[in-house]
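Please read the structure below before turning to the comments.
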Amino acid sequence: MDARTGPQAGRVALVTGAARGQGRSHAWRLAEQGADVIAVDICASIEGVAYPMAGHDDLEETAAGIRARGGRVSAHIADVRDGDALGKAVAAGIAELGGVDVVLANAGIGMASPDITEARAFRDQLEVNTVGVWNTVQAAAPTMIEQGRGGAIVLTSSSMGLTGRGGDGSGQSDGYIASKHAVVGLMRSWAHWLAPHSVRVNSVHPAGVATTMVLNDAVAARFSVPADEMPDVGNLLPVGLLAPEDITAAVAWLVSDEARYVTGVALPVDAGFTAR
Ligand SMILES: NC(=O)c1ccc[n+]([C@@H]2O[C@H](COP(=O)([O-])OP(=O)(O)OC[C@H]3O[C@@H](n4cnc5c(N)ncnc54)[C@H](O)[C@@H]3O)[C@@H](O)[C@H]2O)c1
């Protein structure tokens, strides 16, 4: 696709958790479609999470891929839990690229380390997966309103944001399930807040996706499977893990003009997981 005439031409997209996995896939697709990208990631591991976060090299690779697709990029290291630091990063990106039209609040964590308490596992996931999403949109939405050119926001929840299946009373499962359900509440609230400004807000709910979040030793040990596999979690369709690009396809549609009257929607991309 010629980026200069693509569906996102002339727009700026903010993507959190952009250094790898789904965030990178989303950033690259939007760049292919003509967007410039404010790419944010923590680029450092989080104590108490059982698998490593992305590194600085990963963010560099995402940025190089955006440029290779014809997009401009403003890359920043920031923790979505830190509203002040995130706000500064987003403001710098907006100044550099000329505004913000699309927000993908994608950064998130799963599997807590067995070394921390259940209470801490619960709280840490709320901090990143819910407070982090709140901080992300609060950093960008005032500019979207002020610009007066509309826009689209997609919050990454999970199939576990629509069902409590598998919940076992641990801080791990309660934290993930509650933090991802909370994202639906934010999406619904913000769909109301931002509709008068023609900014649409939706959430996407993936089933298991083949990224480091699930393909790691800690998940393998918890479910007694090899580290490059997930247990059969029971999708309706005959597929185990989805690819990041499967989620990107839905996100790219939600932020396109094809979806111009779609707002307030929680969209599962889950091979039927939540339909069971
Ligand atoms: N992989 C799955 O099976 C799955 C399923 C449903 C939903 N999700 C959600 O999809 C989103 C993307 O995850 P992924 O699958 O690409 O996993 P991932 O671990 O590969 O990517 C997450 C990215 O977010 C970054 N990040 C984490 N905490 C951060 C913080 N506090 N501040 C800034 N950046 C931070 C990480 O460094 C990493 O680059 C997450 O919200 C996750 O909960 C994942």
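We name chains A, B, ... following the order of the structure tokens; residues begin at 1 in each chain, and ligands are numbered from 1 as shown.
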
### Distance filter 6 Å around ligand 1, atoms: only C-alpha atoms and all ligand atoms, out as a VMD selection string
chain A and resid 16 to 23 41 to 43 53 to 54 78 to 81 106 to 109 128 156 to 158 206 to 214

Neighbour list for A:Val131 as an mmCIF file with N, CA and C atoms, in the first residue's frame, cut-off 10 Å, only C-alpha atoms, skip fewer than 6 positions in-chain:
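Resulting contents of result_10.cif:
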```cif
data_model
loop_
_atom_site.group_PDB
_atom_site.id
_atom_site.type_symbol
_atom_site.label_atom_id
_atom_site.label_comp_id
_atom_site.auth_asym_id
_atom_site.auth_seq_id
_atom_site.Cartn_x
_atom_site.Cartn_y
_atom_site.Cartn_z
ATOM 1 N N VAL A 80 3.665 3.194 31.736
ATOM 2 C CA VAL A 80 2.277 3.682 31.714
ATOM 3 C C VAL A 80 1.711 3.869 33.123
ATOM 4 N N ARG A 81 2.362 3.263 34.129
ATOM 5 C CA ARG A 81 1.890 3.465 35.511
ATOM 6 C C ARG A 81 2.226 4.862 36.009
ATOM 7 N N ASP A 82 3.202 5.507 35.378
ATOM 8 C CA ASP A 82 3.684 6.813 35.821
ATOM 9 C C ASP A 82 3.047 7.902 34.943
ATOM 10 N N GLY A 83 1.930 8.420 35.414
ATOM 11 C CA GLY A 83 1.155 9.362 34.606
ATOM 12 C C GLY A 83 1.958 10.595 34.200
ATOM 13 N N ASP A 124 -0.535 -5.232 41.192
ATOM 14 C CA ASP A 124 0.370 -4.878 40.081
ATOM 15 C C ASP A 124 -0.359 -4.914 38.740
ATOM 16 N N GLN A 125 -1.222 -5.924 38.572
ATOM 17 C CA GLN A 125 -1.920 -6.024 37.288
ATOM 18 C C GLN A 125 -2.940 -4.896 37.137
ATOM 19 N N SER A 179 -8.665 -6.523 36.106
ATOM 20 C CA SER A 179 -8.041 -5.380 35.418
ATOM 21 C C SER A 179 -8.535 -5.293 33.984
ATOM 22 N N ALA A 182 -12.174 -4.060 33.935
ATOM 23 C CA ALA A 182 -12.209 -2.617 34.210
ATOM 24 C C ALA A 182 -11.998 -1.800 32.939
ATOM 25 N N VAL A 183 -11.222 -2.350 32.029
ATOM 26 C CA VAL A 183 -10.970 -1.658 30.758
ATOM 27 C C VAL A 183 -12.278 -1.452 29.983
#
```

### Task
Would you please extract all helix (DSSP H, G or I) residues from stretch 14-159 of chain A, as assigned by DSSP on the backbone, and give them as a PyMOL selection string?
chain A and resi 21-32+56-68+83-97+118-147+159

Kindly save the residues from that selection, with C-alpha atoms included, as a short mmCIF file (atom, residue, chain, number, x, y, z; two decimals), in the first residue's frame.
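Dumped everything to part03.cif:
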```cif
data_model
loop_
_atom_site.label_atom_id
_atom_site.label_comp_id
_atom_site.auth_asym_id
_atom_site.auth_seq_id
_atom_site.Cartn_x
_atom_site.Cartn_y
_atom_site.Cartn_z
CA GLY A 21 4.23 -8.32 20.27
CA GLN A 22 0.83 -6.91 19.43
CA GLY A 23 1.90 -3.29 19.93
CA ARG A 24 4.66 -3.60 17.34
CA SER A 25 2.32 -5.34 14.90
CA HIS A 26 -0.27 -2.55 15.32
CA ALA A 27 2.37 0.18 14.89
CA TRP A 28 3.74 -1.36 11.74
CA ARG A 29 0.30 -1.84 10.18
CA LEU A 30 -0.75 1.75 10.88
CA ALA A 31 2.57 3.01 9.46
CA GLU A 32 1.94 0.92 6.33
CA HIS A 56 15.47 -0.79 24.30
CA ASP A 57 16.66 -2.74 21.23
CA ASP A 58 13.11 -3.97 20.70
CA LEU A 59 11.77 -0.40 20.68
CA GLU A 60 14.53 0.57 18.24
CA GLU A 61 13.49 -2.31 15.98
CA THR A 62 9.86 -1.19 16.09
CA ALA A 63 10.94 2.38 15.24
CA ALA A 64 13.10 1.19 12.34
CA GLY A 65 10.17 -0.83 11.00
CA ILE A 66 7.89 2.21 11.14
CA ARG A 67 10.43 4.26 9.19
CA ALA A 68 10.89 1.44 6.68
CA GLY A 83 1.16 9.36 34.61
CA ASP A 84 3.60 12.29 34.75
CA ALA A 85 6.36 10.56 32.78
CA LEU A 86 3.88 9.19 30.27
CA GLY A 87 2.27 12.62 29.90
CA LYS A 88 5.66 14.17 29.10
CA ALA A 89 6.47 11.46 26.55
CA VAL A 90 3.10 11.82 24.83
CA ALA A 91 3.38 15.64 24.82
CA ALA A 92 6.83 15.40 23.21
CA GLY A 93 5.47 13.01 20.57
CA ILE A 94 2.50 15.27 19.85
CA ALA A 95 4.82 18.28 19.48
CA GLU A 96 7.18 16.38 17.19
CA LEU A 97 4.58 14.74 14.93
CA GLU A 118 -1.11 -12.84 45.83
CA ALA A 119 -2.16 -9.37 47.02
CA ARG A 120 0.75 -7.80 45.19
CA ALA A 121 0.07 -9.83 42.02
CA PHE A 122 -3.51 -8.54 42.14
CA ARG A 123 -2.48 -4.92 42.65
CA ASP A 124 0.37 -4.88 40.08
CA GLN A 125 -1.92 -6.02 37.29
CA LEU A 126 -4.50 -3.37 38.18
CA GLU A 127 -1.72 -0.76 38.11
CA VAL A 128 -0.49 -1.59 34.60
CA ASN A 129 -3.58 -2.98 32.88
CA THR A 130 -6.16 -0.52 34.23
CA VAL A 131 -4.42 2.55 35.71
CA GLY A 132 -1.95 2.44 32.79
CA VAL A 133 -4.82 2.55 30.29
CA TRP A 134 -6.39 5.44 32.19
CA ASN A 135 -3.08 7.35 32.17
CA THR A 136 -2.63 6.72 28.44
CA VAL A 137 -5.97 8.12 27.37
CA GLN A 138 -5.78 11.01 29.83
CA ALA A 139 -2.42 11.94 28.27
CA ALA A 140 -3.82 12.13 24.75
CA ALA A 141 -7.56 12.88 24.84
CA PRO A 142 -7.33 16.60 25.77
CA THR A 143 -5.26 17.19 22.63
CA MET A 144 -7.73 15.18 20.53
CA ILE A 145 -10.56 17.35 21.85
CA GLU A 146 -8.64 20.59 21.33
CA GLN A 147 -7.59 19.66 17.78
CA SER A 159 -11.13 -12.46 26.36
#
```

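A straight line drawn from atom CA of A:Gly171 to atom CA of A:Val201 is 28.9 Å long.
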
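Rounded to one decimal, atom CA of A:Val100 and atom CA of A:Asp246 lie 24.5 Å from each other.
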
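If only C-alpha atoms are the atoms counted, then among A:Pro238, A:Gly148, A:Gly70, A:Gly169 the closest residue to A:Leu194 is A:Gly148.
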
### Query
Quick one: residues within 8 Å of A:Ser203, only C-alpha atoms counted, chain neighbours fewer than 3 positions away excluded, as a ChimeraX atom specification?
/A:154-157,183-184,187,264-267

### Message
Env of stretch 34-39 of chain A: 6 Å cut, atoms = only C-alpha atoms, seq-sep filter 3 positions within chain, self excluded. Answer as a ChimeraX atom specification.
### Response
/A:3-4,6,8-9,11-15,18,30-31,71-75,93

Hey, can you spit out that residue selection with N, CA and C atoms as a PDB file, in the first residue's frame?
```pdb
ATOM      1  N   ALA A   3       1.776   4.438   1.416  1.00  0.00           N
ATOM      2  CA  ALA A   3       1.454   5.045   2.710  1.00  0.00           C
ATOM      3  C   ALA A   3       0.885   6.451   2.562  1.00  0.00           C
ATOM      4  N   ARG A   4       1.301   7.160   1.491  1.00  0.00           N
ATOM      5  CA  ARG A   4       0.843   8.551   1.374  1.00  0.00           C
ATOM      6  C   ARG A   4      -0.636   8.658   1.048  1.00  0.00           C
ATOM      7  N   GLY A   6      -2.785   5.952   2.024  1.00  0.00           N
ATOM      8  CA  GLY A   6      -3.443   4.913   2.824  1.00  0.00           C
ATOM      9  C   GLY A   6      -4.511   5.489   3.731  1.00  0.00           C
ATOM     10  N   GLN A   8      -4.772   5.769   6.824  1.00  0.00           N
ATOM     11  CA  GLN A   8      -4.333   6.536   7.996  1.00  0.00           C
ATOM     12  C   GLN A   8      -3.415   7.696   7.598  1.00  0.00           C
ATOM     13  N   ALA A   9      -3.381   8.036   6.321  1.00  0.00           N
ATOM     14  CA  ALA A   9      -2.477   9.111   5.859  1.00  0.00           C
ATOM     15  C   ALA A   9      -2.776  10.413   6.586  1.00  0.00           C
ATOM     16  N   ARG A  11      -2.376  11.034   9.714  1.00  0.00           N
ATOM     17  CA  ARG A  11      -2.759  10.865  11.119  1.00  0.00           C
ATOM     18  C   ARG A  11      -1.547  10.458  11.958  1.00  0.00           C
ATOM     19  N   VAL A  12      -1.668  10.746  13.237  1.00  0.00           N
ATOM     20  CA  VAL A  12      -0.645  10.332  14.204  1.00  0.00           C
ATOM     21  C   VAL A  12      -1.283   9.343  15.175  1.00  0.00           C
ATOM     22  N   ALA A  13      -0.606   8.209  15.376  1.00  0.00           N
ATOM     23  CA  ALA A  13      -1.115   7.173  16.284  1.00  0.00           C
ATOM     24  C   ALA A  13      -0.179   7.024  17.473  1.00  0.00           C
ATOM     25  N   LEU A  14      -0.745   7.034  18.666  1.00  0.00           N
ATOM     26  CA  LEU A  14       0.005   6.726  19.893  1.00  0.00           C
ATOM     27  C   LEU A  14      -0.212   5.246  20.204  1.00  0.00           C
ATOM     28  N   VAL A  15       0.890   4.512  20.370  1.00  0.00           N
ATOM     29  CA  VAL A  15       0.799   3.082  20.693  1.00  0.00           C
ATOM     30  C   VAL A  15       1.640   2.813  21.937  1.00  0.00           C
ATOM     31  N   ALA A  18       4.680  -0.688  22.537  1.00  0.00           N
ATOM     32  CA  ALA A  18       4.954  -0.751  21.097  1.00  0.00           C
ATOM     33  C   ALA A  18       6.228  -1.519  20.753  1.00  0.00           C
ATOM     34  N   LEU A  30      -0.262   0.368  11.041  1.00  0.00           N
ATOM     35  CA  LEU A  30      -0.748   1.746  10.878  1.00  0.00           C
ATOM     36  C   LEU A  30       0.260   2.573  10.073  1.00  0.00           C
ATOM     37  N   ALA A  31       1.556   2.303  10.260  1.00  0.00           N
ATOM     38  CA  ALA A  31       2.569   3.011   9.465  1.00  0.00           C
ATOM     39  C   ALA A  31       2.416   2.648   7.985  1.00  0.00           C
ATOM     40  N   GLY A  71       6.703   5.762   7.636  1.00  0.00           N
ATOM     41  CA  GLY A  71       6.153   6.597   8.702  1.00  0.00           C
ATOM     42  C   GLY A  71       7.243   7.347   9.448  1.00  0.00           C
ATOM     43  N   ARG A  72       6.871   8.459  10.052  1.00  0.00           N
ATOM     44  CA  ARG A  72       7.756   9.122  11.005  1.00  0.00           C
ATOM     45  C   ARG A  72       7.472   8.509  12.368  1.00  0.00           C
ATOM     46  N   VAL A  73       8.468   8.544  13.243  1.00  0.00           N
ATOM     47  CA  VAL A  73       8.265   7.931  14.556  1.00  0.00           C
ATOM     48  C   VAL A  73       8.872   8.806  15.635  1.00  0.00           C
ATOM     49  N   SER A  74       8.172   8.874  16.756  1.00  0.00           N
ATOM     50  CA  SER A  74       8.679   9.533  17.953  1.00  0.00           C
ATOM     51  C   SER A  74       8.626   8.468  19.048  1.00  0.00           C
ATOM     52  N   ALA A  75       9.805   7.905  19.373  1.00  0.00           N
ATOM     53  CA  ALA A  75       9.846   6.763  20.297  1.00  0.00           C
ATOM     54  C   ALA A  75      10.262   7.222  21.688  1.00  0.00           C
ATOM     55  N   GLY A  93       5.843  13.649  21.837  1.00  0.00           N
ATOM     56  CA  GLY A  93       5.475  13.010  20.575  1.00  0.00           C
ATOM     57  C   GLY A  93       4.483  13.856  19.788  1.00  0.00           C
TER      58      GLY A  93
END
```

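Comparing A:His192, A:Ala243, A:Ala105, A:Gly99 by their smallest distance to A:Val40, the closest is A:Ala105 (using only C-alpha atoms).
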
### Query
Which residue out of A:Ala221, A:Met111, A:Val233, A:Ile153 has the minimum interatomic distance to A:Arg165 when only C-alpha atoms are used?
A:Val233

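The interatomic distance for the pair atom CA of A:Val102 and atom CA of A:Ala152 works out to 5.0 Å.
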
### Message
Residues within 7 Å of A:Gly161, please, as number ranges by chain. Count only C-alpha atoms; anything in the same chain fewer than 6 positions from it doesn't count.
### Response
A: 177, 180-181, 205
